[in-house]
Amino acid sequence: MDQAQQLRNIIKNENTPQRPLARVITVTSGKGGVGKSNVAINLAIQFRKMGQRVIILDADFGLANIEIMFGTVPKHNLSDLIYQGKNIKDVITWGPMDVGFISGGSGISGMYNLSRDYLVYIIVNLAELDAIADTIIIDTGAGISNAVMEFLVASGEIILVTTPEPTSITDSYSLLKALNQYPRFSKDNTVIKVVSNKVTTDEEGQQLFNKLNAVVARYQKLPLTYLGAIPQDQYLARSVMQQTPVSIQYPNARSTKAFESIAGALSGKGAVEIKPRGMAAFFSHIITGRKLSSTTAGGSNQTASANNT
Ligand SMILES: Nc1ncnc2c1ncn2[C@@H]1O[C@H](COP(=O)(O)OP(=O)(O)O)[C@@H](O)[C@H]1O
Ligand SMILES: [Mg+2]
């Protein structure tokens with residue numbers, strides 16, 4: 001069977017019980033340095049504690065955050081799958097508590113320039129992650145680049161990290177506005193969940209959400225869900241310096257408790273349910289959007305136009 005056929009089968013089978021499908025959660029933000037990588041890593045640890053198998057895909061081009069925060073040097077990254085013929089299992093590095101991570105390297109931005117055959121090859125490989133992981137967390141870069149937009153458009157479930165800084169709120173708004181205008185974005189098939197990070201009190205977190213939600217509901221007609229707040233916590237900052245996730249290093253820290261509660265909100269009974277779609281469906285978007293991407297997106301790091309409100 002050729003790979004294109006294999007991909008068609010993978011996509012066609014996505015709703016049948018024979019193939020397991022991972023839940024794919026994309027973590028993003030309007031502004032850098034607001035805590036995305038910490039959210040990705042600590043939610044991964046909390047999910048592991050609940051018995052889930054978790055893999056993080058580090059898609060923040062060039063910054064290689066996850067490996068630094070895990071204090072682990074990966075032998076391979078996604079580029080090696082693309083250019084060295086490595087298998088998907090070879091490019092997974094196992095971090096603390098057996099959280100797997102895949103360093104995107106330049107592999108992800110490179111994906112947009114690959115031929116269709118090559119893309120199919122990669123997607124068929126990535127689809128194998130569905131059998132290895134229950135949840136896949138994608139840590140994206142910040143801001144309105146087309147590369148980030150492509151990830152968000154493909155995501156059923158987005159976690160938007162924001163902080164009380166005025167620039168973080170306006171950048172969150174700009175990101176949602178750009179997403180809402182992006183070709184192939186489907187409001188009805190996407191749930192956007194907000195985390196307020198670096199807050200002083202829980203009330204501040206809730207108010208921050210209310211403010212963002214009000215303006216997004218009014219001007220973008222996009223529904224947002226509130227996941228909860230993470231306090232500004234010196235133990236979190238310290239854990240970053242120590243290259244071990246705060247959820248492991250400081251189990252009683254206030255931020256660890258907040259991650260526990262957010263992971264609970266994502267998994268509990270009251271959670272907004274999304275049917276897992278798996279990795280193949282996620283990346284097939286790139287192929288489906290091929291024409292559009294080559295005319296409107298082009299390269300991977302161009303900035304889409306986003307005027308303010
Ligand atoms: N809740 C928090 N309390 C204290 N410091 C934080 C908190 N969240 C993030 N930080 C600090 O901000 C820095 C950037 O966080 P990071 O997760 O790398 O952000 P991003 O991935 O969005 O760029 C961290 O190294 C840490 O020092
Ligand atoms: Mg980061």
# chains A, B, ... in the order shown; residues from 1 in each chain; ligands from 1
call {"tool": "residues_around", "arguments": {"residues": "A:Val161", "least_positions_apart": "5", "cutoff": "12 Å", "atoms": "only C-alpha atoms", "output": "PyMOL selection string"}}
result
chain A and resi 26-40+139-143+168-169+171-173+175-176+192-199+205+208-209+212+226-230
call {"tool": "select_by_dssp", "arguments": {"residues": "stretch 43-83 of chain A", "states": "alpha helix (DSSP H)", "output": "VMD selection string"}}
result
chain A and resid 43 to 49 65 to 70 78 to 83
call {"tool": "residues_around", "arguments": {"residues": "A:His76", "least_positions_apart": "3", "cutoff": "10 Å", "atoms": "only C-alpha atoms", "output": "list in words"}}
result
Val73, Ser79, Asp80, Leu81, Gln84, Lys86, Asp90, Val91, Ile92, Thr93, Ile102, Ser103, Gly104 and Gly105 of chain A
call {"tool": "residues_around", "arguments": {"residues": "A:Trp94", "least_positions_apart": "4", "cutoff": "12 Å", "atoms": "only C-alpha atoms", "output": "PyMOL selection string"}}
result
chain A and resi 53-56+66-67+70-76+89-90+98-103
call {"tool": "write_last_selection", "arguments": {"atoms": "N, CA and C atoms", "output": "compact mmCIF listing (two decimals), in the first residue's frame"}}
result
# COMPACT_ATOMS: atom_id res chain seq x y z
N ARG A 53 -0.68 8.67 29.35
CA ARG A 53 0.59 8.73 28.61
C ARG A 53 0.61 10.05 27.85
N VAL A 54 1.69 10.81 28.02
CA VAL A 54 1.71 12.17 27.48
C VAL A 54 2.96 12.43 26.66
N ILE A 55 2.78 13.10 25.54
CA ILE A 55 3.92 13.54 24.74
C ILE A 55 3.76 15.03 24.45
N ILE A 56 4.86 15.76 24.63
CA ILE A 56 4.86 17.19 24.31
C ILE A 56 5.60 17.38 22.98
N ILE A 66 11.45 23.23 25.96
CA ILE A 66 11.08 22.06 26.76
C ILE A 66 12.33 21.31 27.20
N GLU A 67 13.27 21.13 26.28
CA GLU A 67 14.45 20.36 26.66
C GLU A 67 15.25 21.06 27.77
N PHE A 70 13.37 20.59 31.02
CA PHE A 70 13.45 19.20 31.47
C PHE A 70 14.89 18.81 31.83
N GLY A 71 15.83 19.68 31.50
CA GLY A 71 17.23 19.36 31.77
C GLY A 71 17.69 18.12 31.02
N THR A 72 17.13 17.91 29.83
CA THR A 72 17.45 16.71 29.04
C THR A 72 17.86 17.14 27.64
N VAL A 73 18.90 16.55 27.13
CA VAL A 73 19.30 16.90 25.77
C VAL A 73 18.80 15.82 24.80
N PRO A 74 17.93 16.18 23.87
CA PRO A 74 17.42 15.17 22.96
C PRO A 74 18.47 14.77 21.93
N LYS A 75 18.51 13.49 21.59
CA LYS A 75 19.45 13.02 20.57
C LYS A 75 19.01 13.43 19.19
N HIS A 76 17.68 13.45 19.00
CA HIS A 76 17.14 13.75 17.67
C HIS A 76 16.00 14.74 17.78
N LYS A 89 9.50 6.98 16.74
CA LYS A 89 9.90 6.57 18.10
C LYS A 89 11.34 7.01 18.41
N ASP A 90 12.17 7.14 17.37
CA ASP A 90 13.56 7.57 17.59
C ASP A 90 13.65 9.03 17.99
N ASP A 98 8.63 10.08 32.79
CA ASP A 98 8.29 9.46 31.52
C ASP A 98 7.32 10.28 30.67
N VAL A 99 7.45 11.58 30.78
CA VAL A 99 6.75 12.42 29.81
C VAL A 99 7.64 12.43 28.56
N GLY A 100 7.06 12.08 27.43
CA GLY A 100 7.82 12.10 26.19
C GLY A 100 7.83 13.50 25.60
N PHE A 101 8.91 13.87 24.94
CA PHE A 101 8.82 15.11 24.18
C PHE A 101 9.56 15.00 22.86
N ILE A 102 9.05 15.74 21.91
CA ILE A 102 9.67 15.78 20.59
C ILE A 102 10.08 17.21 20.35
N SER A 103 11.36 17.38 20.12
CA SER A 103 11.85 18.71 19.83
C SER A 103 11.58 19.00 18.36
call {"tool": "residues_around", "arguments": {"residues": "A:Asp130", "least_positions_apart": "6", "cutoff": "9 Å", "atoms": "only C-alpha atoms", "output": "ChimeraX atom specification"}}
result
/A:19-23,136,278-280
call {"tool": "select_by_dssp", "arguments": {"residues": "stretch 14-244 of chain A", "states": "strand (DSSP E)", "output": "ChimeraX atom specification"}}
result
/A:23-28,54-59,92-94,100-103,135-140,157-162,191-199,224-231
call {"tool": "closest_residue", "arguments": {"among": "A:Thr256, A:Asn213, A:Gln207, A:Asn42", "to": "A:Met97", "atoms": "only C-alpha atoms"}}
result
A:Asn42
call {"tool": "residues_around", "arguments": {"residues": "A:Gly51", "least_positions_apart": "5", "cutoff": "12 Å", "atoms": "only C-alpha atoms", "output": "ChimeraX atom specification"}}
result
/A:44-46,97-99,133-135,267
